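Data block below; observations after.
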Amino acid sequence: MKTIKLNNGIEMPILGFGVFQVPDYKECKQSVLMALKSGYRLIDTAAAYQNEEAVGDAIKESGIPRQEIFLTTKLWIDHNGYEATKKAIDTSLNNLKVDYLDLYLIHQPYGDVHGSWRAMEEYYKNGKIKAIGVSNFQPDRVMDIIVNHTVKPAVNQIETHVFHQREEDHAFMKENGIMHESWAPFAEGKKDFFSNKILADIGENYGKSVAQVALRWMIQRDVVVIPKSVNENRIKENFNVFDFELSQGDMNAIKSLDTKETLFFSHRDPETIKWFASMIN
Ligand SMILES: NC(=O)c1ccc[n+]([C@@H]2O[C@H](COP(=O)([O-])OP(=O)(O)OC[C@H]3O[C@@H](n4cnc5c(N)ncnc54)[C@H](OP(=O)(O)O)[C@@H]3O)[C@@H](O)[C@H]2O)c1
């Protein structure tokens, strides 16, 4: 597995497995087991996905030594702030049945993120979390964390796919030594993603699928990818992206798909913030 070095020296696999929208215990556990069996060593969950127990049980049952797995979970907005974040981390460790996390992210850029970050720094310094980072943070919000704390975010996980390529965010993160991690690498199938002609034509030259081309394109941009699937064949397909290399011409052709717009929601929109707040009130 190709890994990428974070700003604190920790190695993170460049390809992992996401479990968003898999709330069913049995289905989640089974798909994580299939992923681990297929060779994935990075699992991305979150308190909000309500499947940390299933992920933890799959890891235990797999028999793979804990230190060979890179495990990420995230802080939900209902536990923002210093004290609540400490409780949330302890709950996640407990649910996942592990004694440390490889990566812990603030899931959304709302509420008392500075209090949360202070708590995360404590867990980082006592070794219970190997790397700390953020998710859905725009460059200004990332900089606000950098200038106000001693530990810099190692990762920022943001919506990134062929239709929303995030070149400016990527350049900002590179300049500041923060790893860019993509969520929704397949745009969750929106905009007819899986039958996109440009990606399909490129794939044909290498005997690869649209999904594989999209993942390879991000890996070649040094973006960590965490595709989700509950289907064994697709889990294997998404992992099989290390035996070909896209040409510069292919990379340029994919660039033309960028609309520079979210397919989900803007984290800066006041209505989005109200909607998130209404979830916890
Ligand atoms: N930080 C955040 O706010 C945030 C937000 C969203 C997601 N995430 C993380 O990012 C991960 C990935 O994003 P995502 O789950 O939203 O979406 P995604 O990976 O872009 O798309 C998943 C969808 O694609 C299908 N699929 C997977 N592989 C396929 C293939 N080879 N061919 C055809 N269809 C395929 C899946 O269906 P099947 O399962 O039926 O195969 C599922 O419907 C999440 O699981 C989560 O860990 C984070």
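Note on naming: chains are A, B, ... as they come in the structure tokens, residues start from 1 per chain, ligands start from 1 in the order shown.
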
Strand (DSSP E) positions in segment 38-248 of chain A, given as a ChimeraX atom specification: /A:42-44,70-75,103-106,132-135,155-159,179-183,224-225

Residues contacting ligand 1 - anything with an atom at most 6 Å away, using only C-alpha atoms and all ligand atoms - can you give me those as an mmCIF file with N, CA and C atoms, in the first residue's frame?
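File written: selection.cif
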```cif
data_model
loop_
_atom_site.group_PDB
_atom_site.id
_atom_site.type_symbol
_atom_site.label_atom_id
_atom_site.label_comp_id
_atom_site.auth_asym_id
_atom_site.auth_seq_id
_atom_site.Cartn_x
_atom_site.Cartn_y
_atom_site.Cartn_z
ATOM 1 N N GLY A 18 -14.287 4.202 3.306
ATOM 2 C CA GLY A 18 -15.226 5.041 4.046
ATOM 3 C C GLY A 18 -16.510 4.285 4.356
ATOM 4 N N VAL A 19 -17.118 4.599 5.505
ATOM 5 C CA VAL A 19 -18.340 3.881 5.903
ATOM 6 C C VAL A 19 -19.509 4.823 6.219
ATOM 7 N N PHE A 20 -19.545 5.952 5.538
ATOM 8 C CA PHE A 20 -20.685 6.871 5.686
ATOM 9 C C PHE A 20 -21.928 6.207 5.070
ATOM 10 N N ASP A 44 -12.249 4.876 7.540
ATOM 11 C CA ASP A 44 -12.731 6.220 7.906
ATOM 12 C C ASP A 44 -14.170 6.138 8.394
ATOM 13 N N THR A 45 -14.346 6.383 9.713
ATOM 14 C CA THR A 45 -15.695 6.427 10.257
ATOM 15 C C THR A 45 -15.888 7.766 10.960
ATOM 16 N N HIS A 107 -15.349 17.274 12.659
ATOM 17 C CA HIS A 107 -16.136 16.920 11.476
ATOM 18 C C HIS A 107 -16.652 18.149 10.714
ATOM 19 N N SER A 135 -12.137 18.756 9.141
ATOM 20 C CA SER A 135 -12.890 18.347 7.959
ATOM 21 C C SER A 135 -13.863 19.464 7.616
ATOM 22 N N GLN A 157 -10.143 17.002 5.587
ATOM 23 C CA GLN A 157 -10.950 16.130 4.726
ATOM 24 C C GLN A 157 -12.111 16.956 4.157
ATOM 25 N N TRP A 183 -13.451 13.607 0.429
ATOM 26 C CA TRP A 183 -14.661 12.813 0.693
ATOM 27 C C TRP A 183 -15.541 12.854 -0.556
ATOM 28 N N ALA A 184 -16.370 11.809 -0.687
ATOM 29 C CA ALA A 184 -17.192 11.630 -1.892
ATOM 30 C C ALA A 184 -16.343 11.631 -3.176
ATOM 31 N N PRO A 185 -15.344 10.728 -3.250
ATOM 32 C CA PRO A 185 -14.489 10.690 -4.443
ATOM 33 C C PRO A 185 -15.267 10.371 -5.723
ATOM 34 N N PHE A 186 -16.456 9.751 -5.570
ATOM 35 C CA PHE A 186 -17.294 9.454 -6.741
ATOM 36 C C PHE A 186 -18.483 10.414 -6.800
ATOM 37 N N ALA A 187 -18.400 11.507 -6.053
ATOM 38 C CA ALA A 187 -19.508 12.473 -5.992
ATOM 39 C C ALA A 187 -20.813 11.770 -5.595
ATOM 40 N N GLU A 188 -20.652 10.648 -4.864
ATOM 41 C CA GLU A 188 -21.805 9.806 -4.476
ATOM 42 C C GLU A 188 -22.683 9.478 -5.684
ATOM 43 N N GLY A 189 -22.068 9.406 -6.858
ATOM 44 C CA GLY A 189 -22.806 9.028 -8.076
ATOM 45 C C GLY A 189 -23.600 10.164 -8.703
ATOM 46 N N ALA A 211 -14.635 4.539 -11.923
ATOM 47 C CA ALA A 211 -14.279 4.678 -10.500
ATOM 48 C C ALA A 211 -12.766 4.598 -10.316
ATOM 49 N N ILE A 226 -10.975 7.860 0.102
ATOM 50 C CA ILE A 226 -11.625 6.872 0.991
ATOM 51 C C ILE A 226 -12.984 6.467 0.411
ATOM 52 N N PRO A 227 -12.979 5.806 -0.775
ATOM 53 C CA PRO A 227 -14.256 5.416 -1.379
ATOM 54 C C PRO A 227 -15.062 4.490 -0.478
ATOM 55 N N LYS A 228 -16.377 4.605 -0.595
ATOM 56 C CA LYS A 228 -17.291 3.738 0.173
ATOM 57 C C LYS A 228 -17.961 2.753 -0.764
ATOM 58 N N SER A 229 -18.070 1.505 -0.326
ATOM 59 C CA SER A 229 -18.922 0.539 -1.030
ATOM 60 C C SER A 229 -19.308 -0.567 -0.059
ATOM 61 N N VAL A 230 -20.489 -1.127 -0.272
ATOM 62 C CA VAL A 230 -20.879 -2.291 0.539
ATOM 63 C C VAL A 230 -20.911 -3.543 -0.338
ATOM 64 N N ASN A 231 -20.390 -3.400 -1.561
ATOM 65 C CA ASN A 231 -20.430 -4.502 -2.515
ATOM 66 C C ASN A 231 -19.026 -5.073 -2.693
ATOM 67 N N ARG A 234 -17.111 -4.259 -5.922
ATOM 68 C CA ARG A 234 -16.732 -2.847 -6.046
ATOM 69 C C ARG A 234 -15.657 -2.477 -5.013
ATOM 70 N N GLU A 237 -12.604 -3.644 -6.691
ATOM 71 C CA GLU A 237 -12.338 -2.777 -7.856
ATOM 72 C C GLU A 237 -11.686 -1.463 -7.400
ATOM 73 N N ASN A 238 -12.245 -0.865 -6.360
ATOM 74 C CA ASN A 238 -11.754 0.444 -5.906
ATOM 75 C C ASN A 238 -10.345 0.364 -5.325
#
```

Which residues come within 12 Å of Pro13 of chain A, counting only C-alpha atoms, excluding same-chain residues fewer than 2 positions away, as a ChimeraX atom specification? /A:1-6,10-11,15-17,39-44,68-72,102-103,179,181,219,222-226,239

If you measure from atom CA of Glu271 of chain A to atom CA of Asn148 of chain A, what distance in Å do you get, rounded to one decimal?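 A separation of 27.3 Å between them.
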
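Among the candidates A:Met120, A:Ala84, A:Leu93, A:Val213, the one nearest to Asn240 of chain A when counting only C-alpha atoms is A:Val213.
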
Considering only C-alpha atoms, return as number ranges by chain whatever protein or nucleic-acid residues lie within 6 Å of Ala46 of chain A, sequence-local ones (same chain, fewer than 2 positions apart) excluded. A: 48-49, 73-74

Restricted to C-alpha atoms, what would the selected residues look like written as a PDB file, in the first residue's frame?
```pdb
ATOM      1  CA  ALA A  48     -22.131  10.728  13.430  1.00  0.00           C
ATOM      2  CA  TYR A  49     -22.162   7.602  11.201  1.00  0.00           C
ATOM      3  CA  THR A  73     -12.985   8.890  13.423  1.00  0.00           C
ATOM      4  CA  LYS A  74     -14.528  12.333  13.832  1.00  0.00           C
TER       5      LYS A  74
END
```

Would you return as a PyMOL selection string the members of segment 37-196 of chain A that DSSP assigns to helix (DSSP H, G or I) on this structure's backbone? chain A and resi 37-38+47-49+52-62+66-68+77-79+82-96+113-125+139-148+167-175+187-195

Residue selection dump (C-alpha atoms) as a short mmCIF file (atom, residue, chain, number, x, y, z; two decimals), in the first residue's frame:
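Ended up saving to selection-v4.cif:
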```
data_model
loop_
_atom_site.label_atom_id
_atom_site.label_comp_id
_atom_site.auth_asym_id
_atom_site.auth_seq_id
_atom_site.Cartn_x
_atom_site.Cartn_y
_atom_site.Cartn_z
CA LYS A 37 -9.46 -8.78 3.46
CA SER A 38 -9.03 -7.00 0.13
CA ALA A 47 -19.32 9.35 15.60
CA ALA A 48 -22.13 10.73 13.43
CA TYR A 49 -22.16 7.60 11.20
CA GLU A 52 -18.09 2.82 15.28
CA GLU A 53 -19.00 -0.41 17.13
CA ALA A 54 -19.30 -2.35 13.88
CA VAL A 55 -15.99 -0.95 12.64
CA GLY A 56 -14.28 -1.86 15.92
CA ASP A 57 -15.70 -5.38 15.89
CA ALA A 58 -14.61 -5.91 12.27
CA ILE A 59 -11.07 -4.78 13.08
CA LYS A 60 -10.93 -7.19 16.04
CA GLU A 61 -12.41 -10.07 14.07
CA SER A 62 -10.04 -9.51 11.11
CA ARG A 66 -3.93 -2.93 15.39
CA GLN A 67 -0.69 -1.16 14.42
CA GLU A 68 -1.18 -2.19 10.77
CA ILE A 77 -21.04 19.01 16.41
CA ASP A 78 -23.11 17.94 19.43
CA HIS A 79 -19.81 17.56 21.36
CA TYR A 82 -13.16 21.38 25.45
CA GLU A 83 -14.95 19.15 27.99
CA ALA A 84 -17.46 17.66 25.56
CA THR A 85 -14.70 16.78 23.10
CA LYS A 86 -12.79 14.83 25.75
CA LYS A 87 -15.97 12.86 26.45
CA ALA A 88 -16.54 12.29 22.73
CA ILE A 89 -13.00 10.98 22.20
CA ASP A 90 -13.35 8.58 25.15
CA THR A 91 -16.70 7.37 23.78
CA SER A 92 -15.22 6.77 20.31
CA LEU A 93 -12.24 4.88 21.77
CA ASN A 94 -14.70 2.80 23.75
CA ASN A 95 -17.05 2.15 20.80
CA LEU A 96 -14.14 1.23 18.54
CA VAL A 113 -13.75 24.39 17.58
CA HIS A 114 -10.92 26.04 19.55
CA GLY A 115 -12.00 24.35 22.78
CA SER A 116 -12.25 21.08 20.85
CA TRP A 117 -8.79 21.57 19.39
CA ARG A 118 -7.27 22.13 22.86
CA ALA A 119 -8.78 18.83 24.01
CA MET A 120 -7.52 17.09 20.89
CA GLU A 121 -4.02 18.50 21.46
CA GLU A 122 -4.03 16.95 24.94
CA TYR A 123 -4.96 13.52 23.59
CA TYR A 124 -2.37 13.93 20.84
CA LYS A 125 0.34 14.77 23.34
CA PRO A 139 -8.51 27.86 4.22
CA ASP A 140 -9.43 30.80 6.50
CA ARG A 141 -10.84 28.43 9.16
CA VAL A 142 -7.74 26.21 8.90
CA MET A 143 -5.50 29.24 9.36
CA ASP A 144 -7.50 30.26 12.42
CA ILE A 145 -6.61 26.90 14.02
CA ILE A 146 -2.95 27.15 12.93
CA VAL A 147 -2.34 30.62 14.37
CA ASN A 148 -4.14 30.00 17.66
CA GLU A 167 -7.26 23.26 -6.64
CA GLU A 168 -7.04 26.43 -4.52
CA ASP A 169 -7.67 24.55 -1.27
CA HIS A 170 -5.10 21.97 -2.37
CA ALA A 171 -2.46 24.65 -3.01
CA PHE A 172 -3.20 26.25 0.37
CA MET A 173 -2.89 22.92 2.16
CA LYS A 174 0.33 22.03 0.35
CA GLU A 175 1.84 25.39 1.25
CA ALA A 187 -19.51 12.47 -5.99
CA GLU A 188 -21.81 9.81 -4.48
CA GLY A 189 -22.81 9.03 -8.08
CA LYS A 190 -24.29 12.49 -8.70
CA LYS A 191 -24.20 14.09 -12.17
CA ASP A 192 -24.12 10.61 -13.78
CA PHE A 193 -20.62 10.21 -12.40
CA PHE A 194 -20.30 6.49 -13.19
CA SER A 195 -21.11 6.99 -16.88
#
```

Would you mind telling me which residue in A:Glu204, A:Glu159, A:Asp250, A:Asp243 lies nearest to Leu263 of chain A when using only C-alpha atoms?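 Of A:Glu204, A:Glu159, A:Asp250, A:Asp243, the one nearest Leu263 of chain A, counting only C-alpha atoms, is A:Glu159.
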
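For the set A:Gln220, A:His180, A:Phe244, A:Gln30, the residue with the smallest atom-to-atom gap to Gly203 of chain A is A:Phe244, counting only C-alpha atoms.
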
Report, in Å to a single decimal, how far apart atom CA of Val22 of chain A and atom CA of Pro65 of chain A are.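 That distance, rounded to one decimal, is 24.2 Å.
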
What's the 9 Å shell around Glu245 of chain A, counting only C-alpha atoms, without same-chain residues fewer than 6 positions away, as JSON, numbers by chain? {"A": [206, 216, 217, 220]}

Do a neighbour search on Met251 of chain A at 10 Å with only C-alpha atoms, toss out local chain neighbours closer than 2 positions, and write the hits as a list in words.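 Those residues are Ile202, Val213, Arg216, Trp217, Met218, Gln220, Arg221, Leu246, Ser247, Gln248, Gly249, Ala253, Ile254, Lys255 and Ser256 of chain A.
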
Those residues with N, CA and C atoms, as an mmCIF file, in the first residue's frame please?
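result15.cif was written with the following content:
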```
data_model
loop_
_atom_site.group_PDB
_atom_site.id
_atom_site.type_symbol
_atom_site.label_atom_id
_atom_site.label_comp_id
_atom_site.auth_asym_id
_atom_site.auth_seq_id
_atom_site.Cartn_x
_atom_site.Cartn_y
_atom_site.Cartn_z
ATOM 1 N N ILE A 202 -11.008 7.453 -20.952
ATOM 2 C CA ILE A 202 -9.647 7.303 -20.406
ATOM 3 C C ILE A 202 -9.478 5.880 -19.869
ATOM 4 N N VAL A 213 -10.388 5.216 -12.496
ATOM 5 C CA VAL A 213 -9.723 6.393 -13.080
ATOM 6 C C VAL A 213 -9.827 7.572 -12.103
ATOM 7 N N ARG A 216 -7.492 7.033 -9.165
ATOM 8 C CA ARG A 216 -6.100 7.173 -9.601
ATOM 9 C C ARG A 216 -5.735 8.650 -9.818
ATOM 10 N N TRP A 217 -6.673 9.390 -10.400
ATOM 11 C CA TRP A 217 -6.443 10.822 -10.653
ATOM 12 C C TRP A 217 -6.153 11.560 -9.337
ATOM 13 N N MET A 218 -6.894 11.222 -8.293
ATOM 14 C CA MET A 218 -6.645 11.907 -7.014
ATOM 15 C C MET A 218 -5.346 11.442 -6.378
ATOM 16 N N GLN A 220 -2.705 10.528 -7.864
ATOM 17 C CA GLN A 220 -1.596 11.180 -8.567
ATOM 18 C C GLN A 220 -1.495 12.668 -8.210
ATOM 19 N N ARG A 221 -2.555 13.220 -7.619
ATOM 20 C CA ARG A 221 -2.494 14.617 -7.132
ATOM 21 C C ARG A 221 -2.090 14.656 -5.648
ATOM 22 N N LEU A 246 -1.968 7.418 -14.995
ATOM 23 C CA LEU A 246 -2.599 8.319 -15.968
ATOM 24 C C LEU A 246 -1.529 9.229 -16.558
ATOM 25 N N SER A 247 -1.660 9.511 -17.866
ATOM 26 C CA SER A 247 -0.698 10.407 -18.515
ATOM 27 C C SER A 247 -1.041 11.858 -18.185
ATOM 28 N N GLN A 248 -0.131 12.757 -18.499
ATOM 29 C CA GLN A 248 -0.406 14.187 -18.287
ATOM 30 C C GLN A 248 -1.627 14.605 -19.111
ATOM 31 N N GLY A 249 -1.749 14.027 -20.313
ATOM 32 C CA GLY A 249 -2.913 14.349 -21.159
ATOM 33 C C GLY A 249 -4.216 13.940 -20.479
ATOM 34 N N ALA A 253 -7.276 16.343 -19.250
ATOM 35 C CA ALA A 253 -8.657 16.127 -19.709
ATOM 36 C C ALA A 253 -9.608 16.114 -18.513
ATOM 37 N N ILE A 254 -9.172 15.496 -17.431
ATOM 38 C CA ILE A 254 -10.027 15.422 -16.219
ATOM 39 C C ILE A 254 -10.190 16.812 -15.603
ATOM 40 N N LYS A 255 -9.164 17.626 -15.728
ATOM 41 C CA LYS A 255 -9.225 19.009 -15.218
ATOM 42 C C LYS A 255 -10.422 19.752 -15.808
ATOM 43 N N SER A 256 -10.758 19.420 -17.061
ATOM 44 C CA SER A 256 -11.838 20.147 -17.752
ATOM 45 C C SER A 256 -13.210 19.862 -17.118
#
```

Atom CA of Gly111 of chain A to atom CA of Asn7 of chain A measures 25.8 Å
